Every structure is written in structure tokens, then in C-alpha cells.
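S.K.: Structure file query_22.csv (CSV, C-alpha atoms and all ligand atoms) is given on the next line.
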chain,number,residue,atom,x,y,z
A,68,MET,CA,-51.7,246.1,59.3
A,69,ALA,CA,-48.9,248.6,58.9
A,70,SER,CA,-50.0,250.9,61.7
A,71,PRO,CA,-49.5,248.6,64.7
A,72,SER,CA,-46.0,247.6,63.7
A,73,SER,CA,-45.0,251.3,63.2
A,74,SER,CA,-46.4,252.2,66.6
A,75,ALA,CA,-44.4,249.3,68.1
A,76,THR,CA,-41.3,250.8,66.4
A,77,MET,CA,-42.2,254.2,67.7
A,78,GLN,CA,-42.4,252.8,71.3
A,79,ALA,CA,-39.2,250.8,71.0
A,80,ILE,CA,-37.1,253.8,70.1
A,81,PRO,CA,-37.9,256.0,73.1
A,82,SER,CA,-37.6,253.0,75.5
A,83,SER,CA,-34.1,252.0,74.2
A,84,ARG,CA,-33.1,255.7,74.4
A,85,TRP,CA,-34.3,255.8,78.0
A,86,ARG,CA,-32.3,252.7,78.9
A,87,LEU,CA,-29.1,254.0,77.2
A,88,SER,CA,-29.3,257.4,78.9
A,89,ASN,CA,-29.8,255.7,82.2
A,90,CYS,CA,-27.0,253.2,81.7
A,91,ILE,CA,-24.3,255.7,81.0
A,92,PRO,CA,-24.5,257.5,84.4
A,93,ILE,CA,-24.8,254.2,86.2
A,94,THR,CA,-21.7,252.8,84.3
A,95,ILE,CA,-19.8,256.0,85.1
A,96,LEU,CA,-20.8,255.9,88.8
A,97,PHE,CA,-19.9,252.2,89.0
A,98,SER,CA,-16.5,252.8,87.4
A,99,VAL,CA,-15.8,255.7,89.8
A,100,LEU,CA,-16.8,253.6,92.8
A,101,LEU,CA,-14.7,250.7,91.6
A,102,PHE,CA,-11.8,253.0,91.0
A,103,CYS,CA,-12.2,254.5,94.5
A,104,LEU,CA,-12.4,251.1,96.0
A,105,SER,CA,-9.3,249.9,94.3
A,106,VAL,CA,-7.4,253.0,95.3
A,107,PHE,CA,-8.5,252.4,98.9
A,108,ILE,CA,-7.5,248.8,98.8
A,109,VAL,CA,-4.1,249.7,97.4
A,110,TRP,CA,-3.7,252.3,100.0
A,111,LEU,CA,-4.6,249.8,102.8
A,112,VAL,CA,-2.2,247.2,101.5
A,113,ILE,CA,0.8,249.5,100.9
A,114,ARG,CA,0.1,252.2,103.6
A,115,PRO,CA,3.8,252.4,104.1
A,116,LYS,CA,4.3,252.2,107.8
A,117,GLY,CA,6.6,249.9,109.6
A,118,LEU,CA,10.0,251.2,108.7
A,119,VAL,CA,11.7,250.9,112.0
A,120,TYR,CA,15.2,252.3,112.6
A,121,THR,CA,17.4,251.9,115.6
A,122,ILE,CA,21.0,252.7,116.3
A,123,GLU,CA,22.5,249.6,117.8
A,124,ASP,CA,25.9,250.7,118.6
A,125,GLY,CA,28.0,253.9,118.4
A,126,SER,CA,31.5,255.0,119.1
A,127,VAL,CA,34.0,257.7,118.2
A,128,HIS,CA,37.7,257.6,117.5
A,129,GLY,CA,40.3,260.3,117.1
A,130,PHE,CA,38.2,262.9,118.8
A,131,ASP,CA,40.2,266.2,118.7
A,132,LEU,CA,38.8,269.6,119.3
A,133,LYS,CA,41.2,272.6,119.0
A,134,ASN,CA,40.5,276.3,118.2
A,135,ASN,CA,36.8,275.4,117.6
A,136,HIS,CA,37.8,272.9,115.0
A,137,LEU,CA,36.8,269.3,115.3
A,138,ASN,CA,38.3,266.1,114.0
A,139,ALA,CA,36.5,262.8,114.8
A,140,THR,CA,35.6,259.5,113.2
A,141,PHE,CA,32.2,258.2,114.2
A,142,ASP,CA,31.1,254.6,113.9
A,143,PHE,CA,27.4,253.6,114.1
A,144,ILE,CA,25.6,250.4,113.5
A,145,LEU,CA,22.2,251.4,112.0
A,146,ARG,CA,19.5,248.8,112.0
A,147,SER,CA,16.7,249.1,109.4
A,148,TYR,CA,13.7,246.9,109.7
A,149,ASN,CA,11.1,246.8,107.0
A,150,HIS,CA,8.1,245.5,109.0
A,151,ASN,CA,5.7,245.4,106.0
A,152,ARG,CA,4.3,242.1,104.8
A,153,LYS,CA,3.9,243.1,101.2
A,154,VAL,CA,5.9,246.2,100.7
A,155,SER,CA,9.5,246.3,99.6
A,156,VAL,CA,11.5,249.5,99.6
A,157,ASN,CA,13.9,250.9,97.0
A,158,TYR,CA,16.4,253.2,98.5
A,159,ASP,CA,17.8,255.6,95.8
A,160,SER,CA,20.1,257.8,97.9
A,161,ILE,CA,20.9,257.7,101.5
A,162,LYS,CA,22.6,260.3,103.6
A,163,VAL,CA,23.5,259.9,107.2
A,164,SER,CA,24.5,262.9,109.2
A,165,VAL,CA,25.6,263.5,112.7
A,166,SER,CA,24.9,266.7,114.5
A,167,TYR,CA,25.6,268.3,117.8
A,168,GLU,CA,23.3,271.1,119.1
A,169,GLY,CA,21.8,271.5,115.7
A,170,GLU,CA,25.1,271.8,113.8
A,171,THR,CA,26.0,269.1,111.3
A,172,ILE,CA,29.5,267.9,112.1
A,173,ALA,CA,29.9,264.8,109.9
A,174,SER,CA,28.1,262.8,107.2
A,175,ASP,CA,28.3,259.6,105.2
A,176,PHE,CA,26.6,258.4,102.0
A,177,PHE,CA,25.3,255.0,100.9
A,178,GLU,CA,24.9,253.1,97.7
A,179,PRO,CA,21.3,252.6,96.6
A,180,PHE,CA,19.8,249.3,97.8
A,181,PHE,CA,16.7,247.3,97.7
A,182,GLN,CA,15.1,246.1,101.0
A,183,PRO,CA,12.7,243.2,100.7
A,184,HIS,CA,9.6,243.0,102.9
A,185,ARG,CA,10.0,241.7,106.4
A,186,ASN,CA,13.7,242.3,106.2
A,187,VAL,CA,16.3,243.5,108.6
A,188,THR,CA,19.4,245.2,107.3
A,189,ARG,CA,22.3,246.4,109.4
A,190,PHE,CA,24.6,249.1,108.0
A,191,GLU,CA,27.8,250.3,109.4
A,192,VAL,CA,28.2,254.1,108.9
A,193,LYS,CA,31.4,256.0,109.5
A,194,PRO,CA,30.8,259.7,109.2
A,195,VAL,CA,34.0,261.6,109.5
A,196,ALA,CA,34.5,265.2,110.9
A,197,ARG,CA,37.6,266.7,109.3
A,198,SER,CA,38.6,270.1,110.7
A,199,VAL,CA,34.9,271.0,111.0
A,200,SER,CA,34.6,274.6,112.1
A,201,LEU,CA,32.1,275.0,115.0
A,202,MET,CA,30.4,278.1,116.5
A,203,GLU,CA,32.2,279.1,119.6
A,204,PHE,CA,29.4,278.2,122.1
A,205,VAL,CA,28.9,274.8,120.4
A,206,ALA,CA,32.6,274.1,120.7
A,207,ARG,CA,32.5,275.1,124.3
A,208,ASP,CA,29.6,272.9,125.1
A,209,LEU,CA,31.1,270.0,123.2
A,210,ARG,CA,34.4,270.4,125.1
A,211,LEU,CA,32.5,270.4,128.4
A,212,GLU,CA,30.5,267.3,127.6
A,213,LYS,CA,33.6,265.5,126.3
A,214,SER,CA,35.2,266.1,129.7
A,215,SER,CA,32.4,264.1,131.3
A,216,GLY,CA,33.3,261.2,129.1
A,217,LYS,CA,30.3,261.1,126.8
A,218,VAL,CA,28.7,263.2,124.1
A,219,ARG,CA,25.0,263.4,123.2
A,220,LEU,CA,24.6,263.5,119.4
A,221,ALA,CA,21.7,263.3,116.9
A,222,VAL,CA,21.9,261.0,113.9
A,223,GLU,CA,19.7,261.8,111.0
A,224,VAL,CA,19.0,259.6,107.9
A,225,LYS,CA,17.6,261.2,104.8
A,226,ALA,CA,16.7,259.0,101.9
A,227,ARG,CA,14.8,259.0,98.6
A,228,ILE,CA,12.7,255.9,98.6
A,229,GLY,CA,10.1,254.2,96.5
A,230,PHE,CA,7.7,251.4,97.6
A,231,LYS,CA,7.2,248.2,95.6
A,232,VAL,CA,4.2,245.9,95.9
A,233,GLY,CA,4.5,243.0,93.4
A,234,VAL,CA,5.2,244.7,90.1
A,235,TRP,CA,3.7,248.1,91.2
A,236,ASN,CA,6.1,250.9,92.1
A,237,SER,CA,5.1,254.0,94.0
A,238,ALA,CA,6.2,257.5,93.3
A,239,HIS,CA,9.4,258.3,95.2
A,240,ARG,CA,9.4,260.3,98.3
A,241,THR,CA,11.7,261.5,101.1
A,242,LEU,CA,12.2,259.4,104.2
A,243,ARG,CA,13.5,261.2,107.3
A,244,VAL,CA,14.8,259.3,110.3
A,245,LEU,CA,15.9,261.1,113.5
A,246,CYS,CA,17.7,259.3,116.2
A,247,SER,CA,18.3,261.5,119.2
A,248,PRO,CA,20.0,261.5,121.6
A,249,VAL,CA,22.7,259.0,120.7
A,250,VAL,CA,25.1,258.9,123.6
A,251,VAL,CA,28.6,258.0,122.6
A,252,PHE,CA,31.5,257.5,125.0
A,253,VAL,CA,34.5,259.6,124.1
A,254,SER,CA,37.2,258.5,126.4
A,255,SER,CA,36.4,254.8,126.9
A,256,SER,CA,35.6,251.9,124.7
A,257,GLU,CA,32.2,251.5,126.3
A,258,LYS,CA,29.4,251.0,123.7
A,259,ALA,CA,26.4,253.2,123.2
A,260,ASP,CA,23.0,252.0,124.2
A,261,ARG,CA,20.4,251.2,121.6
A,262,THR,CA,18.5,254.3,120.4
A,263,PHE,CA,15.1,254.2,118.9
A,264,CYS,CA,14.5,256.6,116.0
A,265,ASN,CA,11.5,258.5,114.8
A,266,THR,CA,10.6,257.9,111.2
A,267,ASP,CA,8.7,260.3,109.0
A,268,ILE,CA,7.7,259.7,105.4
A,301,LIG,C1,42.5,267.6,111.9
A,301,LIG,O1,43.2,266.9,110.9
A,301,LIG,C2,43.9,267.6,110.0
A,301,LIG,C3,44.5,266.7,109.0
A,301,LIG,O2,43.5,265.8,108.4
A,301,LIG,C4,44.9,268.5,110.7
A,301,LIG,O3,45.5,269.3,109.8
A,301,LIG,C5,44.2,269.4,111.7
A,301,LIG,O4,45.2,270.1,112.5
A,301,LIG,C6,43.4,268.5,112.7
A,301,LIG,N1,42.6,269.3,113.6
A,301,LIG,C7,42.5,269.1,114.8
A,301,LIG,C8,41.6,270.0,115.6
A,301,LIG,O5,43.0,268.2,115.4
A,302,LIG,C1,17.7,241.6,103.9
A,302,LIG,O1,17.9,242.0,102.6
A,302,LIG,C2,19.3,242.0,102.2
A,302,LIG,C3,19.3,242.6,100.8
A,302,LIG,O2,18.4,242.1,99.9
A,302,LIG,C4,19.8,240.6,102.3
A,302,LIG,O3,21.2,240.6,101.9
A,302,LIG,C5,19.7,240.1,103.7
A,302,LIG,O4,20.1,238.8,103.8
A,302,LIG,C6,18.2,240.2,104.2
A,302,LIG,N1,18.2,239.9,105.6
A,302,LIG,C7,17.3,239.0,106.1
A,302,LIG,C8,17.4,238.9,107.6
A,302,LIG,O5,16.5,238.4,105.4
Please express the file's structure as C-alpha cells.
Ligand SMILES: *[C@@H]1O[C@H](CO)[C@@H](O)[C@H](O)[C@H]1NC(C)=O
Ligand SMILES: *[C@@H]1O[C@H](CO)[C@@H](O)[C@H](O)[C@H]1NC(C)=O
M.R.:
Amino acid sequence: MASPSSSATMQAIPSSRWRLSNCIPITILFSVLLFCLSVFIVWLVIRPKGLVYTIEDGSVHGFDLKNNHLNATFDFILRSYNHNRKVSVNYDSIKVSVSYEGETIASDFFEPFFQPHRNVTRFEVKPVARSVSLMEFVARDLRLEKSSGKVRLAVEVKARIGFKVGVWNSAHRTLRVLCSPVVVFVSSSEKADRTFCNTDI
């Protein structure tokens, strides 16, 4: 009577071991797949495209170039459009600089701000050039362009940003926006045309 029950026990042990040793890799595999799938879904949802920048308007006042030194006050209206349906953007630090032939001539900074999804924000930026020393050939080109009534500049925005989806916050990264050329009229009150910018995250 004892031997059949003991043989049943002997069979039960290997079969439960067999199940357990098969279950662990399947559970691990399933978890890995689930993890990959959720990372992929999060990436699809937040794939942070759709930050669209344009310069809507630009002008310059007090333009004065003497002995390769420049004084000028620029005025730009920057339009930032967060096109994303789910992703909001936290801007930590924002620097806007104006350059001519690769030389930075003026810059302006911004307070951190939060941009909700599907939001348009316009900023007015007023970078100022105060006795900025220019290389001789740059000053010469600038003087020449100025005499034609307009100057072709590049406006660059550099910001530390983080994305926010619901309660989830992404790691912070650097956003670079380049708007070029931005044509401003020096000796008339004519407004600059809209310039579309390239965005790189
Ligand atoms: C620029 O402005 C400063 C005063 O802020 C003045 O001393 C300097 O001469 C000006 N430079 C030019 C080129 O006008
Ligand atoms: C965009 O967001 C800013 C800051 O949260 C807000 O002041 C502004 O009204 C929003 N603009 C639109 C068009 O919703």
C-alpha cells in the first residue's frame, strides 16, 4: 500500500520542478517583452517632435558701427508652438543670441517657463550689442550690408528643456533652434518677414 503513494510522490517532485524551471524563463521573457513594449509605447507617445519656432518680426534701433565696434538694440518676436497633443515642455534656461557671419553680437536671456501641449507662446526678445568688438572683415561686411538698408542675421535659441507627459518627466536635454537668415531693415521702419527656424533636440 505504501509503495504506490511513494512512487506518486516521486513523480510529483520532478514534474513540479520541471514546471518551475520552465516558468522562470517564460516569466522573465514576458517581463522583458512587456518592458520593451511599454518603452516603445512611451517613446511613440512622447517622441518629442513638433516644437515649431518662427521669427514673426524683427527690427533694430540705435545701430552704430564705429572703429569696428557695434552698438545696436535688436527686437524680435519669437513664436514658439508646441504642436504635441500630449507632451508639455519645461524650459529651464533660455538663451537667445544674434550673430552676423558667425560672430555673436548680442544675446538675451529668459526666465524658465512651462509650455502646455498644443500651445502657442510669443516672446519679445531684445538682445543688445554694447560696444561689441568685431573682426575687421566682419565690420566691413556689416557696414556694406547696412548701406543697402538691410542686414542678414542669424538668431539662435539654446534652451535646457524637459518633457512632461501626465505626471512623467523626461530627463533634460538641450534644444537648439536656428533661424537664418533673419533680414532686418536698418534704416527704415519696415518689418522683417517671417523666418522659419530649424529645431534640433
Ligand atoms: C556705444 O555706446 C557706448 C555707451 O553705451 C559709447 O561709449 C560708445 O562710444 C558707443 N559706440 C559706438 C560705436 O557708437
Ligand atoms: C500658452 O501657455 C501660456 C503659459 O502657460 C499661456 O499664458 C498662454 O495663454 C497659452 N496660449 C494659448 C494660445 O493657449
S.K.: Could you please determine the separation between atom CA of A:Glu203 and atom CA of A:Phe176 in Å, to one decimal place?
M.R.: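 So the two atoms, atom CA of A:Glu203 and atom CA of A:Phe176, lie 27.7 Å apart.
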S.K.: Interatomic distance between atom CA of A:Val250 and atom CA of A:Val156?
M.R.: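 Going from atom CA of A:Val250 over to atom CA of A:Val156 covers 29.1 Å.
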S.K.: What residues have any atom no more than 6 Å from ligand LIG 301 (chain A) when counting only C-alpha atoms and all ligand atoms, and can you list them as a JSON list (two decimals) with C-alpha atoms, in the frame of the given file?
M.R.:
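Here's the written file selection-v4.json:
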[["chain", "number", "residue", "atom", "x", "y", "z"],
["A", 131, "ASP", "CA", 40.20, 266.20, 118.70],
["A", 132, "LEU", "CA", 38.80, 269.60, 119.30],
["A", 133, "LYS", "CA", 41.20, 272.60, 119.00],
["A", 136, "HIS", "CA", 37.80, 272.90, 115.00],
["A", 137, "LEU", "CA", 36.80, 269.30, 115.30],
["A", 138, "ASN", "CA", 38.30, 266.10, 114.00],
["A", 197, "ARG", "CA", 37.60, 266.70, 109.30],
["A", 198, "SER", "CA", 38.60, 270.10, 110.70]]
S.K.: As an exercise, work out the distance from atom CA of A:Ile161 to atom CA of A:Glu178 in Å and give it to one decimal place.
M.R.: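 Atom-to-atom, atom CA of A:Ile161 to atom CA of A:Glu178, that is 7.2 Å.
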S.K.: Go through the chains and note each residue within 8 Å of ligand LIG 302 (chain A), using only C-alpha atoms and all ligand atoms, then give the set as a VMD selection string.
M.R.: chain A and resid 180 to 183 185 to 188
